[in-house]
Number of protein chains: 2
Amino acid sequence: MNVPEQLNRINQQLTSKNYKLTIQRETTVRVLLENEEDHMSAEEVFMRVKNKHPEIGLATVYRTLELLTELHIVEKMNFGDGVARFDLRGEDHEHMHHHLICTVCGEMEEIKEDWLLEMEMRLEREYGFSVKDHRLEFTGTYKTCEKNGCKRECEAVT
Amino acid sequence: MNVPEQLNRINQQLTSKNYKLTIQRETTVRVLLENEEDHMSAEEVFMRVKNKHPEIGLATVYRTLELLTELHIVEKMNFGDGVARFDLRGEDHEHMHHHLICTVCGEMEEIKEDWLLEMEMRLEREYGFSVKDHRLEFTGTYKTCEKNGCKRECEAVT
DNA sequence: CTTGTTGCAAATTATTTGCATGCCC
DNA sequence: GGGCATGCAAATAATTTGCAACAAG
């Protein structure tokens, strides 16, 4: 699905709830689309949006990200570093990716598989809990700590 | 394992790293032991510690919790509400519990099982990633929203 | 003594809010 | 022209840090 189509889809979601796709919101969404795998903080999103649309205010970006989170268009995450991070949810794997976080280099990789379906069925059955979303993170180290995404500061002690 | 034994174990972990089990640290650990299932914020821990030892400062509690986190004695968690929460890790299930978070009442339940061992082996094999820790959270709703732990504000819309 | 630890206050960081102004049906 | 949206600045909330004073080996 390309950018105009995605924007269109998001626009529909917004308008169906009486929100407008203003230029600020559109620019923010574009930045998110262009950095889909980046887990940006609000500040990072702000800086990139500011490149394209310098008049925007930080508060607007926060408000937009909050709105998009409510609409389940983006996912708000916490890796324990005191900053919230945001990712678009592609509609195909809305709820189907997990995270590997390397403690040596701090790099983070996404695993685009859903390993939890069976568990969710079990929760439904055994706990009477019906799952809307989940989050699964593994912290540890890459054996080589040089594998694909994991390139920063790898001189640290293993 | 009772309180004195646990304290003793923690004391050993501290002294082995040249840290002292000061009265402030001991009091903090006691509070954590007494509220093992509570996922307290730093502020909550502080208030309870202050009851037992009114001279303590908030910064000390923060410093203690940070220290204990580094030593893997407590687990620092984030539920996305902007507050870090802390739990003792019992040595038996150091890394073996998952969370159910009910979006209706906000209540949180722990599942004391480890469902991820198989996945971790797979990560090791297929991704060359060796897992030190993990976090698994499910958000959703209890069918009844009245099940055991889930008692607050249940008049909200389901 | 020396080193780690504490309490307080001030600083920092992330995020939210109030409000006057602007924009669009 | 009425209500949602925005930008700015100020407010809030959580956490961290600087520093002088303590405490214990």
# chains A, B, ... in the order shown; residues from 1 in each chain; ligands from 1

call {"tool": "calpha_fit_and_write", "arguments": {"fixed": "chain B", "moving": "chain A", "output": "JSON list (two decimals) with C-alpha atoms, in the first residue's frame"}}
result
[["chain", "number", "residue", "atom", "x", "y", "z"],
["A", 1, "MET", "CA", 11.13, -17.71, 51.54],
["A", 2, "ASN", "CA", 10.36, -15.35, 54.38],
["A", 3, "VAL", "CA", 11.29, -11.74, 54.85],
["A", 4, "PRO", "CA", 14.52, -12.09, 56.87],
["A", 5, "GLU", "CA", 15.82, -14.66, 54.42],
["A", 6, "GLN", "CA", 15.02, -12.50, 51.43],
["A", 7, "LEU", "CA", 16.59, -9.48, 53.09],
["A", 8, "ASN", "CA", 19.63, -11.55, 53.76],
["A", 9, "ARG", "CA", 19.87, -12.65, 50.18],
["A", 10, "ILE", "CA", 19.53, -9.09, 48.97],
["A", 11, "ASN", "CA", 22.06, -7.90, 51.50],
["A", 12, "GLN", "CA", 24.53, -10.40, 50.08],
["A", 13, "GLN", "CA", 23.90, -9.22, 46.57],
["A", 14, "LEU", "CA", 24.50, -5.65, 47.65],
["A", 15, "THR", "CA", 27.62, -6.24, 49.70],
["A", 16, "SER", "CA", 29.13, -8.45, 47.02],
["A", 17, "LYS", "CA", 29.10, -5.34, 44.86],
["A", 18, "ASN", "CA", 30.33, -3.03, 47.62],
["A", 19, "TYR", "CA", 26.96, -1.48, 48.32],
["A", 20, "LYS", "CA", 25.63, -1.22, 51.82],
["A", 21, "LEU", "CA", 22.22, -2.23, 53.05],
["A", 22, "THR", "CA", 21.52, 1.05, 54.80],
["A", 23, "ILE", "CA", 18.41, 1.55, 56.86],
["A", 24, "GLN", "CA", 16.83, 3.45, 53.96],
["A", 25, "ARG", "CA", 17.57, 0.68, 51.53],
["A", 26, "GLU", "CA", 16.39, -1.95, 53.95],
["A", 27, "THR", "CA", 13.14, -0.10, 54.55],
["A", 28, "THR", "CA", 12.59, 0.25, 50.83],
["A", 29, "VAL", "CA", 13.18, -3.44, 50.29],
["A", 30, "ARG", "CA", 10.80, -4.27, 53.13],
["A", 31, "VAL", "CA", 8.09, -2.17, 51.52],
["A", 32, "LEU", "CA", 8.69, -3.96, 48.25],
["A", 33, "LEU", "CA", 8.53, -7.33, 49.98],
["A", 34, "GLU", "CA", 5.28, -6.43, 51.70],
["A", 35, "ASN", "CA", 3.66, -5.30, 48.48],
["A", 36, "GLU", "CA", 5.14, -7.84, 46.17],
["A", 37, "GLU", "CA", 2.20, -7.91, 43.78],
["A", 38, "ASP", "CA", 1.44, -4.25, 43.70],
["A", 39, "HIS", "CA", 3.39, -2.68, 40.87],
["A", 40, "MET", "CA", 4.02, 0.48, 42.84],
["A", 41, "SER", "CA", 5.28, 3.69, 41.36],
["A", 42, "ALA", "CA", 8.32, 5.32, 42.90],
["A", 43, "GLU", "CA", 6.02, 7.81, 44.58],
["A", 44, "GLU", "CA", 3.93, 5.04, 46.10],
["A", 45, "VAL", "CA", 7.01, 3.27, 47.36],
["A", 46, "PHE", "CA", 8.20, 6.56, 48.79],
["A", 47, "MET", "CA", 4.98, 7.17, 50.70],
["A", 48, "ARG", "CA", 5.03, 3.74, 52.25],
["A", 49, "VAL", "CA", 8.70, 3.96, 53.11],
["A", 50, "LYS", "CA", 8.04, 7.34, 54.64],
["A", 51, "ASN", "CA", 5.52, 5.79, 57.01],
["A", 52, "LYS", "CA", 8.19, 3.57, 58.46],
["A", 53, "HIS", "CA", 11.06, 6.01, 58.23],
["A", 54, "PRO", "CA", 9.84, 9.59, 57.91],
["A", 55, "GLU", "CA", 13.24, 11.20, 57.39],
["A", 56, "ILE", "CA", 13.80, 9.58, 54.02],
["A", 57, "GLY", "CA", 13.94, 11.69, 50.88],
["A", 58, "LEU", "CA", 12.26, 10.96, 47.60],
["A", 59, "ALA", "CA", 15.58, 11.04, 45.78],
["A", 60, "THR", "CA", 16.90, 8.26, 47.96],
["A", 61, "VAL", "CA", 13.99, 6.06, 47.03],
["A", 62, "TYR", "CA", 14.61, 6.78, 43.36],
["A", 63, "ARG", "CA", 18.28, 6.03, 43.80],
["A", 64, "THR", "CA", 17.53, 2.82, 45.66],
["A", 65, "LEU", "CA", 15.05, 1.62, 43.08],
["A", 66, "GLU", "CA", 17.53, 2.36, 40.34],
["A", 67, "LEU", "CA", 20.23, 0.46, 42.15],
["A", 68, "LEU", "CA", 17.97, -2.52, 42.78],
["A", 69, "THR", "CA", 16.95, -2.49, 39.16],
["A", 70, "GLU", "CA", 20.55, -2.60, 38.04],
["A", 71, "LEU", "CA", 21.16, -5.55, 40.30],
["A", 72, "HIS", "CA", 18.09, -7.27, 38.83],
["A", 73, "ILE", "CA", 16.53, -7.40, 42.29],
["A", 74, "VAL", "CA", 13.53, -5.41, 41.15],
["A", 75, "GLU", "CA", 11.93, -5.16, 37.77],
["A", 76, "LYS", "CA", 11.13, -1.73, 36.38],
["A", 77, "MET", "CA", 8.03, -1.63, 34.25],
["A", 78, "ASN", "CA", 6.16, 0.76, 32.04],
["A", 79, "PHE", "CA", 2.50, 0.50, 31.34],
["A", 80, "GLY", "CA", 2.39, 3.55, 29.16],
["A", 81, "ASP", "CA", 0.95, 5.86, 31.78],
["A", 82, "GLY", "CA", 4.13, 7.85, 32.18],
["A", 83, "VAL", "CA", 5.06, 6.35, 35.53],
["A", 84, "ALA", "CA", 7.64, 3.68, 36.08],
["A", 85, "ARG", "CA", 6.50, 0.84, 38.29],
["A", 86, "PHE", "CA", 8.59, -1.50, 40.35],
["A", 87, "ASP", "CA", 8.29, -5.11, 41.43],
["A", 88, "LEU", "CA", 10.52, -7.40, 43.35],
["A", 89, "ARG", "CA", 11.67, -10.36, 41.33],
["A", 90, "GLY", "CA", 11.17, -13.46, 43.40],
["A", 91, "GLU", "CA", 14.17, -15.64, 42.64],
["A", 92, "ASP", "CA", 11.98, -18.56, 41.66],
["A", 93, "HIS", "CA", 10.17, -16.84, 38.82],
["A", 94, "GLU", "CA", 12.67, -14.15, 38.03],
["A", 95, "HIS", "CA", 11.55, -13.88, 34.53],
["A", 96, "MET", "CA", 8.41, -15.83, 34.44],
["A", 97, "HIS", "CA", 5.30, -13.80, 34.69],
["A", 98, "HIS", "CA", 3.17, -11.98, 32.24],
["A", 99, "HIS", "CA", 0.61, -9.23, 32.57],
["A", 100, "LEU", "CA", -3.04, -8.87, 31.74],
["A", 101, "ILE", "CA", -4.24, -5.29, 31.66],
["A", 102, "CYS", "CA", -7.95, -4.61, 31.54],
["A", 103, "THR", "CA", -8.86, -1.54, 29.53],
["A", 104, "VAL", "CA", -12.22, -1.20, 31.21],
["A", 105, "CYS", "CA", -11.10, -0.92, 34.80],
["A", 106, "GLY", "CA", -7.35, -0.48, 34.42],
["A", 107, "GLU", "CA", -6.71, -3.35, 36.76],
["A", 108, "MET", "CA", -3.71, -5.53, 36.14],
["A", 109, "GLU", "CA", -3.24, -9.20, 36.84],
["A", 110, "GLU", "CA", -0.11, -11.27, 36.81],
["A", 111, "ILE", "CA", 0.08, -14.66, 35.24],
["A", 112, "LYS", "CA", 2.72, -16.66, 36.94],
["A", 113, "GLU", "CA", 3.61, -18.95, 34.13],
["A", 114, "ASP", "CA", 6.31, -18.80, 31.55],
["A", 115, "TRP", "CA", 4.90, -19.33, 28.12],
["A", 116, "LEU", "CA", 7.89, -18.11, 26.25],
["A", 117, "LEU", "CA", 10.59, -20.68, 26.72],
["A", 118, "GLU", "CA", 9.97, -22.26, 23.38],
["A", 119, "MET", "CA", 10.09, -18.88, 21.67],
["A", 120, "GLU", "CA", 13.32, -18.01, 23.35],
["A", 121, "MET", "CA", 14.89, -21.18, 22.08],
["A", 122, "ARG", "CA", 13.67, -20.30, 18.64],
["A", 123, "LEU", "CA", 15.14, -16.82, 18.87],
["A", 124, "GLU", "CA", 18.44, -18.31, 19.82],
["A", 125, "ARG", "CA", 18.33, -20.74, 16.91],
["A", 126, "GLU", "CA", 16.83, -18.64, 14.17],
["A", 127, "TYR", "CA", 17.90, -15.14, 15.06],
["A", 128, "GLY", "CA", 21.14, -15.70, 16.93],
["A", 129, "PHE", "CA", 19.67, -13.71, 19.78],
["A", 130, "SER", "CA", 20.14, -14.87, 23.31],
["A", 131, "VAL", "CA", 17.39, -13.70, 25.62],
["A", 132, "LYS", "CA", 18.17, -12.31, 29.05],
["A", 133, "ASP", "CA", 14.71, -11.09, 29.86],
["A", 134, "HIS", "CA", 11.34, -10.55, 28.35],
["A", 135, "ARG", "CA", 8.16, -8.68, 28.88],
["A", 136, "LEU", "CA", 4.77, -9.81, 27.76],
["A", 137, "GLU", "CA", 1.64, -7.76, 28.26],
["A", 138, "PHE", "CA", -1.84, -8.33, 26.98],
["A", 139, "THR", "CA", -4.36, -5.53, 26.94],
["A", 140, "GLY", "CA", -8.02, -6.32, 26.58],
["A", 141, "THR", "CA", -11.01, -6.91, 28.79],
["A", 142, "TYR", "CA", -12.27, -9.52, 31.15],
["A", 143, "LYS", "CA", -15.49, -10.90, 29.84],
["A", 144, "THR", "CA", -17.12, -10.17, 33.13],
["A", 145, "CYS", "CA", -14.81, -7.37, 34.22],
["A", 146, "GLU", "CA", -15.37, -8.49, 37.77],
["A", 147, "LYS", "CA", -12.97, -11.35, 37.87],
["A", 148, "ASN", "CA", -10.69, -11.46, 40.93],
["A", 149, "GLY", "CA", -8.23, -8.59, 40.68],
["A", 150, "CYS", "CA", -10.41, -6.50, 38.47],
["A", 151, "LYS", "CA", -12.66, -4.48, 40.73],
["A", 152, "ARG", "CA", -12.23, -0.75, 40.13],
["A", 153, "GLU", "CA", -14.58, 1.44, 38.14],
["A", 154, "CYS", "CA", -16.29, -1.48, 36.55],
["A", 155, "GLU", "CA", -19.35, 0.58, 35.85],
["A", 156, "ALA", "CA", -17.60, 1.91, 32.76],
["A", 157, "VAL", "CA", -18.96, 0.93, 29.36],
["A", 158, "THR", "CA", -17.87, -2.48, 28.23]]

call {"tool": "select_by_dssp", "arguments": {"residues": "chain A", "states": "helix (DSSP H, G or I)", "output": "VMD selection string"}}
result
chain A and resid 3 to 15 23 to 34 42 to 52 58 to 70 117 to 127

call {"tool": "closest_atom_pairs", "arguments": {"of": "chain C", "to": "chain B", "cutoff": "9 Å", "atoms": "only C-alpha atoms (C1' of nucleotides)", "output": "CSV"}}
result
residue,atom,partner,partner_atom,distance
C:DG4,C1',B:Tyr19,CA,7.6
C:DT5,C1',B:Thr22,CA,8.2
C:DT6,C1',B:Thr60,CA,7.0
C:DG7,C1',B:Gly57,CA,5.6
C:DC8,C1',B:Gly57,CA,7.9

call {"tool": "residues_around", "arguments": {"residues": "DT21 (chain C)", "least_positions_apart": "2", "cutoff": "12 Å", "atoms": "only C-alpha atoms (C1' of nucleotides)", "output": "compact mmCIF listing (two decimals) with C-alpha atoms (C1' of nucleotides), in the first residue's frame"}}
result
# COMPACT_ATOMS: atom_id res chain seq x y z
C1' DC C 19 -5.53 30.92 25.76
C1' DC C 23 -9.20 28.60 9.56
C1' DA D 5 -7.14 23.31 15.40
C1' DT D 6 -3.00 25.63 16.07
C1' DG D 7 1.22 27.99 18.10
C1' DC D 8 3.18 29.79 21.81

call {"tool": "residues_around", "arguments": {"residues": "DG18 (chain C)", "least_positions_apart": "6", "cutoff": "10 Å", "atoms": "only C-alpha atoms (C1' of nucleotides)", "output": "PyMOL selection string"}}
result
chain D and resi 9-11

call {"tool": "interface_residues", "arguments": {"of": "chain D", "to": "chain B", "cutoff": "12 Å", "atoms": "only C-alpha atoms (C1' of nucleotides)", "output": "list in words"}}
result
DA13, DA14, DT15, DT16, DT17, DA23, DA24 and DG25 of chain D

call {"tool": "atom_distance", "arguments": {"atom1": "C1' of DC4 (chain D)", "atom2": "C1' of DA14 (chain C)"}}
result
26.0 Å

call {"tool": "select_by_dssp", "arguments": {"residues": "region 21-82 of chain B", "states": "strand (DSSP E or B)", "output": "ChimeraX atom specification"}}
result
/B:40-41,74-78

call {"tool": "write_last_selection", "arguments": {"atoms": "N, CA and C atoms", "output": "mmCIF file, in the first residue's frame"}}
result
data_model
loop_
_atom_site.group_PDB
_atom_site.id
_atom_site.type_symbol
_atom_site.label_atom_id
_atom_site.label_comp_id
_atom_site.auth_asym_id
_atom_site.auth_seq_id
_atom_site.Cartn_x
_atom_site.Cartn_y
_atom_site.Cartn_z
ATOM 1 N N MET B 40 4.053 -0.865 42.356
ATOM 2 C CA MET B 40 4.034 0.506 42.863
ATOM 3 C C MET B 40 4.897 1.440 42.024
ATOM 4 N N SER B 41 4.447 2.688 41.953
ATOM 5 C CA SER B 41 5.291 3.718 41.368
ATOM 6 C C SER B 41 6.314 4.147 42.408
ATOM 7 N N VAL B 74 14.872 -5.838 41.496
ATOM 8 C CA VAL B 74 13.507 -5.444 41.142
ATOM 9 C C VAL B 74 13.398 -5.303 39.630
ATOM 10 N N GLU B 75 12.174 -5.326 39.180
ATOM 11 C CA GLU B 75 11.894 -5.165 37.766
ATOM 12 C C GLU B 75 11.199 -3.826 37.585
ATOM 13 N N LYS B 76 11.699 -3.047 36.667
ATOM 14 C CA LYS B 76 11.108 -1.740 36.382
ATOM 15 C C LYS B 76 10.188 -1.891 35.187
ATOM 16 N N MET B 77 8.975 -1.418 35.337
ATOM 17 C CA MET B 77 7.997 -1.609 34.273
ATOM 18 C C MET B 77 7.357 -0.315 33.835
ATOM 19 N N ASN B 78 6.821 -0.345 32.648
ATOM 20 C CA ASN B 78 6.117 0.800 32.088
ATOM 21 C C ASN B 78 4.814 0.362 31.496
#
